[in-house]
$ cat model22.txt   # compact mmCIF, N, CA and C atoms and all ligand atoms
# COMPACT_ATOMS: atom_id res chain seq x y z
N MET I 1 6.68 40.90 14.80
CA MET I 1 5.67 40.67 13.75
C MET I 1 5.78 41.77 12.70
N THR I 2 5.96 41.39 11.43
CA THR I 2 6.06 42.37 10.36
C THR I 2 4.78 42.38 9.56
N ILE I 3 4.10 43.53 9.56
CA ILE I 3 2.93 43.67 8.70
C ILE I 3 3.43 44.10 7.33
N GLU I 4 3.06 43.34 6.32
CA GLU I 4 3.47 43.64 4.94
C GLU I 4 2.27 43.96 4.09
N ARG I 5 2.59 44.59 2.96
CA ARG I 5 1.56 44.78 1.92
C ARG I 5 1.98 44.04 0.67
N THR I 6 1.00 43.50 -0.02
CA THR I 6 1.25 42.86 -1.31
C THR I 6 0.11 43.24 -2.25
N LEU I 7 0.33 42.97 -3.53
CA LEU I 7 -0.70 43.29 -4.52
C LEU I 7 -1.26 42.00 -5.10
N THR I 8 -2.56 41.97 -5.22
CA THR I 8 -3.19 40.84 -5.90
C THR I 8 -4.10 41.35 -7.01
N ILE I 9 -4.23 40.54 -8.05
CA ILE I 9 -5.20 40.81 -9.11
C ILE I 9 -6.07 39.57 -9.26
N ILE I 10 -7.36 39.76 -9.10
CA ILE I 10 -8.30 38.69 -9.48
C ILE I 10 -8.50 38.88 -10.98
N LYS I 11 -7.99 37.92 -11.75
CA LYS I 11 -7.80 38.09 -13.19
C LYS I 11 -9.12 37.99 -13.97
N PRO I 12 -9.09 38.44 -15.24
CA PRO I 12 -10.32 38.47 -16.03
C PRO I 12 -11.06 37.13 -16.12
N ASP I 13 -10.35 36.00 -16.10
CA ASP I 13 -11.05 34.70 -16.17
C ASP I 13 -11.90 34.49 -14.93
N ALA I 14 -11.35 34.80 -13.75
CA ALA I 14 -12.07 34.57 -12.49
C ALA I 14 -13.21 35.57 -12.31
N VAL I 15 -13.01 36.82 -12.77
CA VAL I 15 -14.09 37.81 -12.69
C VAL I 15 -15.23 37.37 -13.60
N ALA I 16 -14.90 36.99 -14.85
CA ALA I 16 -15.94 36.60 -15.81
C ALA I 16 -16.70 35.36 -15.34
N ALA I 17 -16.02 34.47 -14.63
CA ALA I 17 -16.67 33.23 -14.18
C ALA I 17 -17.45 33.42 -12.88
N GLY I 18 -17.40 34.62 -12.30
CA GLY I 18 -18.18 34.89 -11.08
C GLY I 18 -17.54 34.36 -9.81
N HIS I 19 -16.19 34.32 -9.77
CA HIS I 19 -15.52 33.79 -8.58
C HIS I 19 -15.00 34.86 -7.63
N VAL I 20 -15.31 36.14 -7.90
CA VAL I 20 -14.75 37.22 -7.07
C VAL I 20 -15.12 37.04 -5.59
N GLY I 21 -16.40 36.82 -5.33
CA GLY I 21 -16.85 36.70 -3.93
C GLY I 21 -16.16 35.54 -3.21
N ASP I 22 -16.07 34.40 -3.87
CA ASP I 22 -15.43 33.23 -3.24
C ASP I 22 -13.96 33.50 -2.95
N ILE I 23 -13.28 34.17 -3.88
CA ILE I 23 -11.84 34.44 -3.68
C ILE I 23 -11.64 35.46 -2.56
N LEU I 24 -12.45 36.51 -2.54
CA LEU I 24 -12.33 37.50 -1.46
C LEU I 24 -12.60 36.86 -0.11
N LYS I 25 -13.55 35.95 -0.06
CA LYS I 25 -13.89 35.25 1.19
C LYS I 25 -12.69 34.44 1.69
N ILE I 26 -12.02 33.74 0.77
CA ILE I 26 -10.84 32.96 1.16
C ILE I 26 -9.76 33.89 1.72
N LEU I 27 -9.53 35.02 1.05
CA LEU I 27 -8.48 35.94 1.49
C LEU I 27 -8.85 36.56 2.85
N GLU I 28 -10.08 37.01 2.98
CA GLU I 28 -10.50 37.66 4.23
C GLU I 28 -10.46 36.66 5.39
N SER I 29 -10.89 35.42 5.13
CA SER I 29 -10.87 34.39 6.18
C SER I 29 -9.45 34.05 6.60
N ASP I 30 -8.49 34.28 5.71
CA ASP I 30 -7.10 33.98 6.03
C ASP I 30 -6.41 35.15 6.74
N GLY I 31 -7.14 36.20 7.03
CA GLY I 31 -6.56 37.30 7.81
C GLY I 31 -6.03 38.46 6.99
N PHE I 32 -6.27 38.45 5.67
CA PHE I 32 -5.84 39.59 4.85
C PHE I 32 -6.82 40.75 5.03
N TRP I 33 -6.23 41.95 5.17
CA TRP I 33 -7.02 43.18 5.24
C TRP I 33 -6.96 43.83 3.87
N PHE I 34 -8.12 44.31 3.38
CA PHE I 34 -8.15 44.94 2.06
C PHE I 34 -7.84 46.43 2.22
N ALA I 35 -6.59 46.81 1.96
CA ALA I 35 -6.15 48.18 2.21
C ALA I 35 -6.57 49.13 1.10
N ALA I 36 -6.76 48.60 -0.10
CA ALA I 36 -7.20 49.42 -1.23
C ALA I 36 -7.71 48.48 -2.31
N THR I 37 -8.70 48.91 -3.07
CA THR I 37 -9.21 48.08 -4.17
C THR I 37 -9.53 48.95 -5.38
N ARG I 38 -9.44 48.34 -6.55
CA ARG I 38 -9.83 49.02 -7.81
C ARG I 38 -10.32 47.97 -8.79
N LEU I 39 -11.44 48.24 -9.43
CA LEU I 39 -11.85 47.41 -10.55
C LEU I 39 -11.27 48.06 -11.80
N VAL I 40 -10.49 47.30 -12.56
CA VAL I 40 -9.81 47.89 -13.72
C VAL I 40 -10.17 47.10 -14.98
N SER I 41 -10.04 47.80 -16.12
CA SER I 41 -10.07 47.14 -17.42
C SER I 41 -8.79 47.59 -18.10
N LEU I 42 -7.78 46.75 -18.02
CA LEU I 42 -6.46 47.16 -18.50
C LEU I 42 -6.44 47.28 -20.01
N THR I 43 -5.75 48.29 -20.51
CA THR I 43 -5.45 48.32 -21.93
C THR I 43 -4.28 47.35 -22.17
N LYS I 44 -4.06 47.01 -23.44
CA LYS I 44 -2.94 46.13 -23.77
C LYS I 44 -1.63 46.77 -23.29
N LYS I 45 -1.49 48.08 -23.51
CA LYS I 45 -0.27 48.81 -23.11
C LYS I 45 -0.06 48.75 -21.60
N GLU I 46 -1.16 48.92 -20.84
CA GLU I 46 -1.04 48.85 -19.37
C GLU I 46 -0.63 47.44 -18.93
N ALA I 47 -1.23 46.42 -19.55
CA ALA I 47 -0.86 45.05 -19.20
C ALA I 47 0.62 44.80 -19.53
N GLU I 48 1.07 45.34 -20.65
CA GLU I 48 2.49 45.19 -21.02
C GLU I 48 3.39 45.89 -20.01
N GLY I 49 2.95 47.04 -19.51
CA GLY I 49 3.74 47.78 -18.51
C GLY I 49 3.79 47.02 -17.20
N PHE I 50 2.67 46.46 -16.80
CA PHE I 50 2.61 45.73 -15.52
C PHE I 50 3.50 44.49 -15.56
N TYR I 51 3.46 43.78 -16.69
CA TYR I 51 4.22 42.53 -16.82
C TYR I 51 5.54 42.72 -17.57
N ALA I 52 6.07 43.93 -17.56
CA ALA I 52 7.29 44.24 -18.33
C ALA I 52 8.44 43.27 -18.03
N VAL I 53 8.49 42.80 -16.81
CA VAL I 53 9.57 41.88 -16.41
C VAL I 53 9.53 40.57 -17.23
N HIS I 54 8.37 40.26 -17.78
CA HIS I 54 8.21 39.03 -18.58
C HIS I 54 8.29 39.28 -20.09
N ARG I 55 8.73 40.49 -20.51
CA ARG I 55 8.56 40.85 -21.93
C ARG I 55 9.31 39.94 -22.91
N SER I 56 10.35 39.26 -22.44
CA SER I 56 11.07 38.38 -23.37
C SER I 56 10.56 36.93 -23.33
N ARG I 57 9.55 36.67 -22.50
CA ARG I 57 9.03 35.30 -22.40
C ARG I 57 8.12 34.98 -23.59
N PRO I 58 8.07 33.72 -23.99
CA PRO I 58 7.24 33.34 -25.14
C PRO I 58 5.75 33.59 -24.91
N PHE I 59 5.32 33.62 -23.63
CA PHE I 59 3.89 33.79 -23.35
C PHE I 59 3.49 35.25 -23.16
N PHE I 60 4.42 36.20 -23.36
CA PHE I 60 4.14 37.61 -23.05
C PHE I 60 2.96 38.17 -23.85
N GLU I 61 2.95 37.90 -25.15
CA GLU I 61 1.90 38.43 -26.02
C GLU I 61 0.52 37.90 -25.59
N SER I 62 0.48 36.60 -25.41
CA SER I 62 -0.77 35.95 -25.02
C SER I 62 -1.22 36.40 -23.62
N LEU I 63 -0.27 36.49 -22.69
CA LEU I 63 -0.59 36.90 -21.31
C LEU I 63 -1.16 38.32 -21.28
N THR I 64 -0.54 39.24 -22.01
CA THR I 64 -0.99 40.64 -21.96
C THR I 64 -2.31 40.82 -22.73
N THR I 65 -2.54 40.00 -23.75
CA THR I 65 -3.85 40.01 -24.42
C THR I 65 -4.93 39.52 -23.46
N PHE I 66 -4.65 38.43 -22.77
CA PHE I 66 -5.60 37.90 -21.78
C PHE I 66 -5.86 38.91 -20.66
N MET I 67 -4.81 39.52 -20.14
CA MET I 67 -4.99 40.43 -19.00
C MET I 67 -5.73 41.71 -19.38
N SER I 68 -5.79 42.00 -20.69
CA SER I 68 -6.53 43.18 -21.13
C SER I 68 -7.87 42.78 -21.78
N SER I 69 -8.32 41.56 -21.50
CA SER I 69 -9.52 41.06 -22.18
C SER I 69 -10.83 41.39 -21.45
N GLY I 70 -10.75 41.94 -20.23
CA GLY I 70 -11.97 42.23 -19.48
C GLY I 70 -11.65 42.75 -18.10
N PRO I 71 -12.68 43.01 -17.30
CA PRO I 71 -12.45 43.57 -15.98
C PRO I 71 -11.65 42.65 -15.07
N ALA I 72 -10.83 43.27 -14.22
CA ALA I 72 -10.05 42.55 -13.22
C ALA I 72 -10.13 43.35 -11.93
N LEU I 73 -10.06 42.66 -10.80
CA LEU I 73 -10.14 43.36 -9.51
C LEU I 73 -8.75 43.37 -8.87
N VAL I 74 -8.26 44.57 -8.61
CA VAL I 74 -6.92 44.74 -8.02
C VAL I 74 -7.08 45.13 -6.56
N LEU I 75 -6.29 44.50 -5.69
CA LEU I 75 -6.34 44.86 -4.27
C LEU I 75 -4.94 44.97 -3.69
N VAL I 76 -4.78 45.91 -2.78
CA VAL I 76 -3.61 45.91 -1.91
C VAL I 76 -4.03 45.16 -0.65
N LEU I 77 -3.28 44.11 -0.33
CA LEU I 77 -3.59 43.27 0.83
C LEU I 77 -2.57 43.52 1.93
N GLU I 78 -3.05 43.51 3.15
CA GLU I 78 -2.19 43.76 4.30
C GLU I 78 -2.34 42.61 5.28
N ARG I 79 -1.20 42.13 5.77
CA ARG I 79 -1.23 41.00 6.72
C ARG I 79 0.18 40.76 7.19
N GLU I 80 0.33 40.06 8.30
CA GLU I 80 1.65 39.59 8.69
C GLU I 80 2.16 38.68 7.58
N ASN I 81 3.40 38.89 7.12
CA ASN I 81 4.00 37.99 6.14
C ASN I 81 3.13 37.87 4.87
N ALA I 82 2.56 38.99 4.42
CA ALA I 82 1.54 38.97 3.36
C ALA I 82 2.05 38.38 2.04
N ILE I 83 3.28 38.71 1.67
CA ILE I 83 3.76 38.31 0.34
C ILE I 83 3.85 36.78 0.24
N ALA I 84 4.54 36.18 1.20
CA ALA I 84 4.70 34.72 1.17
C ALA I 84 3.37 34.01 1.43
N ARG I 85 2.57 34.55 2.34
CA ARG I 85 1.30 33.88 2.67
C ARG I 85 0.33 33.90 1.48
N LEU I 86 0.29 35.04 0.77
CA LEU I 86 -0.60 35.09 -0.39
C LEU I 86 -0.19 34.02 -1.40
N ARG I 87 1.11 33.84 -1.60
CA ARG I 87 1.55 32.85 -2.59
C ARG I 87 1.16 31.43 -2.16
N GLU I 88 1.16 31.19 -0.86
CA GLU I 88 0.69 29.88 -0.38
C GLU I 88 -0.80 29.70 -0.64
N VAL I 89 -1.56 30.74 -0.35
CA VAL I 89 -3.03 30.64 -0.49
C VAL I 89 -3.43 30.55 -1.96
N MET I 90 -2.64 31.20 -2.85
CA MET I 90 -2.92 31.13 -4.30
C MET I 90 -2.63 29.74 -4.85
N GLY I 91 -1.55 29.13 -4.41
CA GLY I 91 -1.10 27.86 -4.98
C GLY I 91 -0.18 28.08 -6.17
N ALA I 92 0.33 26.99 -6.71
CA ALA I 92 1.31 27.05 -7.80
C ALA I 92 0.72 27.75 -9.03
N THR I 93 1.60 28.39 -9.82
CA THR I 93 1.18 29.10 -11.04
C THR I 93 0.34 28.21 -11.94
N ASN I 94 0.80 26.98 -12.11
CA ASN I 94 0.06 26.01 -12.92
C ASN I 94 -0.93 25.26 -12.01
N PRO I 95 -2.22 25.42 -12.25
CA PRO I 95 -3.20 24.78 -11.34
C PRO I 95 -3.05 23.27 -11.26
N ALA I 96 -2.48 22.67 -12.30
CA ALA I 96 -2.27 21.22 -12.27
C ALA I 96 -1.31 20.84 -11.15
N GLN I 97 -0.45 21.80 -10.76
CA GLN I 97 0.51 21.53 -9.67
C GLN I 97 0.11 22.19 -8.36
N ALA I 98 -1.03 22.85 -8.31
CA ALA I 98 -1.43 23.58 -7.11
C ALA I 98 -1.99 22.62 -6.05
N ALA I 99 -1.71 22.93 -4.80
CA ALA I 99 -2.19 22.08 -3.69
C ALA I 99 -3.71 22.19 -3.56
N PRO I 100 -4.32 21.11 -3.05
CA PRO I 100 -5.76 21.13 -2.83
C PRO I 100 -6.17 22.29 -1.92
N GLY I 101 -7.29 22.93 -2.25
CA GLY I 101 -7.79 24.02 -1.42
C GLY I 101 -7.25 25.39 -1.77
N THR I 102 -6.21 25.44 -2.60
CA THR I 102 -5.65 26.74 -2.98
C THR I 102 -6.57 27.39 -4.03
N ILE I 103 -6.42 28.72 -4.15
CA ILE I 103 -7.30 29.47 -5.06
C ILE I 103 -7.13 28.98 -6.50
N ARG I 104 -5.90 28.73 -6.90
CA ARG I 104 -5.70 28.29 -8.29
C ARG I 104 -6.22 26.87 -8.50
N LYS I 105 -6.07 26.02 -7.49
CA LYS I 105 -6.61 24.67 -7.64
C LYS I 105 -8.14 24.74 -7.79
N LEU I 106 -8.75 25.65 -7.02
CA LEU I 106 -10.21 25.75 -7.04
C LEU I 106 -10.74 26.44 -8.29
N PHE I 107 -10.03 27.49 -8.77
CA PHE I 107 -10.66 28.36 -9.76
C PHE I 107 -9.89 28.56 -11.07
N ALA I 108 -8.63 28.13 -11.16
CA ALA I 108 -7.87 28.38 -12.38
C ALA I 108 -8.14 27.31 -13.43
N SER I 109 -8.06 27.71 -14.72
CA SER I 109 -8.27 26.75 -15.81
C SER I 109 -6.96 26.16 -16.31
N ASN I 110 -5.93 27.01 -16.39
CA ASN I 110 -4.62 26.55 -16.90
C ASN I 110 -3.55 27.53 -16.46
N ILE I 111 -2.31 27.30 -16.89
CA ILE I 111 -1.18 28.09 -16.39
C ILE I 111 -1.31 29.58 -16.73
N GLU I 112 -1.97 29.91 -17.82
CA GLU I 112 -2.15 31.33 -18.17
C GLU I 112 -3.43 31.90 -17.55
N HIS I 113 -4.53 31.20 -17.74
CA HIS I 113 -5.81 31.64 -17.16
C HIS I 113 -5.87 31.08 -15.75
N ASN I 114 -5.06 31.70 -14.87
CA ASN I 114 -4.86 31.09 -13.56
C ASN I 114 -5.46 31.88 -12.41
N ALA I 115 -6.51 32.63 -12.70
CA ALA I 115 -7.43 33.21 -11.70
C ALA I 115 -6.89 34.38 -10.87
N ILE I 116 -5.62 34.32 -10.50
CA ILE I 116 -5.14 35.32 -9.53
C ILE I 116 -3.64 35.56 -9.70
N HIS I 117 -3.25 36.79 -9.45
CA HIS I 117 -1.83 37.17 -9.44
C HIS I 117 -1.48 37.62 -8.04
N GLY I 118 -0.24 37.37 -7.62
CA GLY I 118 0.26 37.93 -6.36
C GLY I 118 1.72 38.31 -6.50
N SER I 119 2.11 39.41 -5.89
CA SER I 119 3.51 39.85 -5.96
C SER I 119 4.43 38.75 -5.42
N ASP I 120 5.62 38.63 -6.02
CA ASP I 120 6.50 37.53 -5.61
C ASP I 120 7.63 37.94 -4.67
N ALA I 121 7.79 39.23 -4.38
CA ALA I 121 8.87 39.68 -3.49
C ALA I 121 8.58 41.11 -3.07
N ARG I 122 9.34 41.61 -2.07
CA ARG I 122 9.09 42.97 -1.58
C ARG I 122 9.25 44.03 -2.66
N GLU I 123 10.28 43.86 -3.51
CA GLU I 123 10.54 44.88 -4.55
C GLU I 123 9.41 44.87 -5.58
N THR I 124 8.96 43.66 -5.97
CA THR I 124 7.88 43.62 -6.96
C THR I 124 6.57 44.11 -6.34
N ALA I 125 6.36 43.85 -5.05
CA ALA I 125 5.15 44.36 -4.39
C ALA I 125 5.17 45.89 -4.42
N ALA I 126 6.30 46.50 -4.14
CA ALA I 126 6.38 47.97 -4.15
C ALA I 126 6.11 48.51 -5.55
N PHE I 127 6.69 47.87 -6.58
CA PHE I 127 6.45 48.31 -7.97
C PHE I 127 4.98 48.14 -8.32
N GLU I 128 4.42 46.99 -8.00
CA GLU I 128 3.05 46.67 -8.44
C GLU I 128 2.01 47.52 -7.70
N ILE I 129 2.23 47.77 -6.40
CA ILE I 129 1.31 48.65 -5.65
C ILE I 129 1.39 50.07 -6.24
N GLY I 130 2.61 50.53 -6.52
CA GLY I 130 2.78 51.87 -7.10
C GLY I 130 2.18 51.97 -8.49
N PHE I 131 2.18 50.85 -9.24
CA PHE I 131 1.62 50.84 -10.59
C PHE I 131 0.12 51.14 -10.55
N PHE I 132 -0.59 50.52 -9.64
CA PHE I 132 -2.04 50.68 -9.59
C PHE I 132 -2.52 51.75 -8.60
N PHE I 133 -1.71 52.02 -7.57
CA PHE I 133 -2.12 52.98 -6.54
C PHE I 133 -0.99 53.97 -6.31
N PRO I 134 -0.75 54.84 -7.26
CA PRO I 134 0.43 55.71 -7.16
C PRO I 134 0.42 56.62 -5.93
N GLY I 135 -0.75 56.85 -5.35
CA GLY I 135 -0.80 57.78 -4.20
C GLY I 135 -0.62 57.11 -2.85
N ILE I 136 -0.62 55.76 -2.80
CA ILE I 136 -0.66 55.07 -1.51
C ILE I 136 0.70 55.14 -0.82
N LYS I 137 0.66 55.33 0.49
CA LYS I 137 1.91 55.43 1.25
C LYS I 137 2.32 54.02 1.66
N LEU I 138 3.54 53.63 1.28
CA LEU I 138 4.03 52.29 1.61
C LEU I 138 4.53 52.26 3.04
N LEU I 139 4.46 51.06 3.66
CA LEU I 139 4.99 50.89 5.03
C LEU I 139 6.48 51.13 5.06
P1 LIG I 201 1.23 35.61 -12.63
O1 LIG I 201 1.40 35.23 -11.21
O2 LIG I 201 0.28 36.71 -12.93
O3 LIG I 201 2.66 36.01 -13.22
C1 LIG I 201 2.96 35.92 -14.58
C2 LIG I 201 1.91 35.18 -15.35
O4 LIG I 201 2.33 34.66 -16.58
C3 LIG I 201 1.46 33.96 -14.56
O5 LIG I 201 0.75 34.34 -13.43
C4 LIG I 201 0.69 33.21 -15.61
O6 LIG I 201 -0.61 33.75 -15.81
C5 LIG I 201 1.54 33.51 -16.84
N1 LIG I 201 2.45 32.40 -17.15
C6 LIG I 201 3.50 32.01 -16.43
N2 LIG I 201 4.11 30.96 -17.02
C7 LIG I 201 3.42 30.72 -18.14
C8 LIG I 201 3.55 29.77 -19.19
N3 LIG I 201 4.53 28.86 -19.19
N4 LIG I 201 2.66 29.81 -20.19
C9 LIG I 201 1.67 30.73 -20.19
N5 LIG I 201 1.51 31.66 -19.23
C10 LIG I 201 2.36 31.64 -18.22

$ encode --input "model22.txt" --output "structure tokens"
Amino acid sequence: MTIERTLTIIKPDAVAAGHVGDILKILESDGFWFAATRLVSLTKKEAEGFYAVHRSRPFFESLTTFMSSGPALVLVLERENAIARLREVMGATNPAQAAPGTIRKLFASNIEHNAIHGSDARETAAFEIGFFFPGIKLL
């Protein structure tokens, strides 16, 4: 059994709409342990740094403006197979394609305002955890 860590962000749309409690309940019920949390209000520059991998995408400007538009809740999650499992529980990036019962199906408005972010691989999880929690010791 491999215990992994991944990073999630409950995005400004979901925080503003009052879905934080419901989303945390889904994650906790699924066996995720909250190893660290931070409520952040990202600057545009910080959002650009976090999403640097997407800087050449057409949605980069809009995405980083949205991500710096209000408070967001960042968590380090711990669980067996955390990275892949979080992506299942979140559902597809575009809520129109997300499976019933997934967080994005329940709470996302569209492909950009999609309620939640989750790391997509071990390397990105390490980068993203280090971005928000530079002092945390990785497994
Ligand atoms: P996230 O999991 O945070 O990773 C990158 C984000 O970019 C993604 O969720 C969406 O919010 C956003 N995104 C991805 N694809 C598109 C798209 N085609 N148009 C607008 N935003 C997108």

$ residues_near_ligand --input "model22.txt" --ligand "ligand LIG 201 (chain I)" --cutoff "6.5 Å" --atoms "only N, CA and C atoms and all ligand atoms" --output "ChimeraX atom specification"
/I:59,63,93,111-114,116-118

$ residues_around --input "model22.txt" --residues "Asn81 (chain I)" --least-positions-apart "2" --cutoff "6.5 Å" --atoms "all atoms listed in the file" --output "ChimeraX atom specification"
/I:2-4,79,83-86

$ closest_residue --input "model22.txt" --among "I:Val74, I:Phe133, I:Ile23, I:Thr37" --to "Gly101 (chain I)" --atoms "only C-alpha atoms"
I:Ile23

$ atom_distance --input "model22.txt" --atom1 "atom N of Ser68 (chain I)" --atom2 "CA of Lys44 (chain I)"
5.9 Å

$ atom_distance --input "model22.txt" --atom1 "atom C of Thr65 (chain I)" --atom2 "atom C of Ala47 (chain I)"
8.6 Å

$ select_by_dssp --input "model22.txt" --residues "chain I" --states "strand (DSSP E)" --output "PyMOL selection string"
chain I and resi 3-10+33-40+72-80+116-118

$ closest_residue --input "model22.txt" --among "I:Glu78, I:Glu123, I:Glu28, I:Glu48" --to "Arg5 (chain I)" --atoms "only C-alpha atoms"
I:Glu78

$ select_by_dssp --input "model22.txt" --residues "region 4-129 of chain I" --states "alpha helix (DSSP H)" --output "PyMOL selection string"
chain I and resi 12-16+20-29+44-50+60-67+82-90+103-107+122-129

$ closest_residue --input "model22.txt" --among "I:Leu39, I:Thr6, I:Asp13, I:Asp120" --to "Phe66 (chain I)" --atoms "only N, CA and C atoms"
I:Asp13
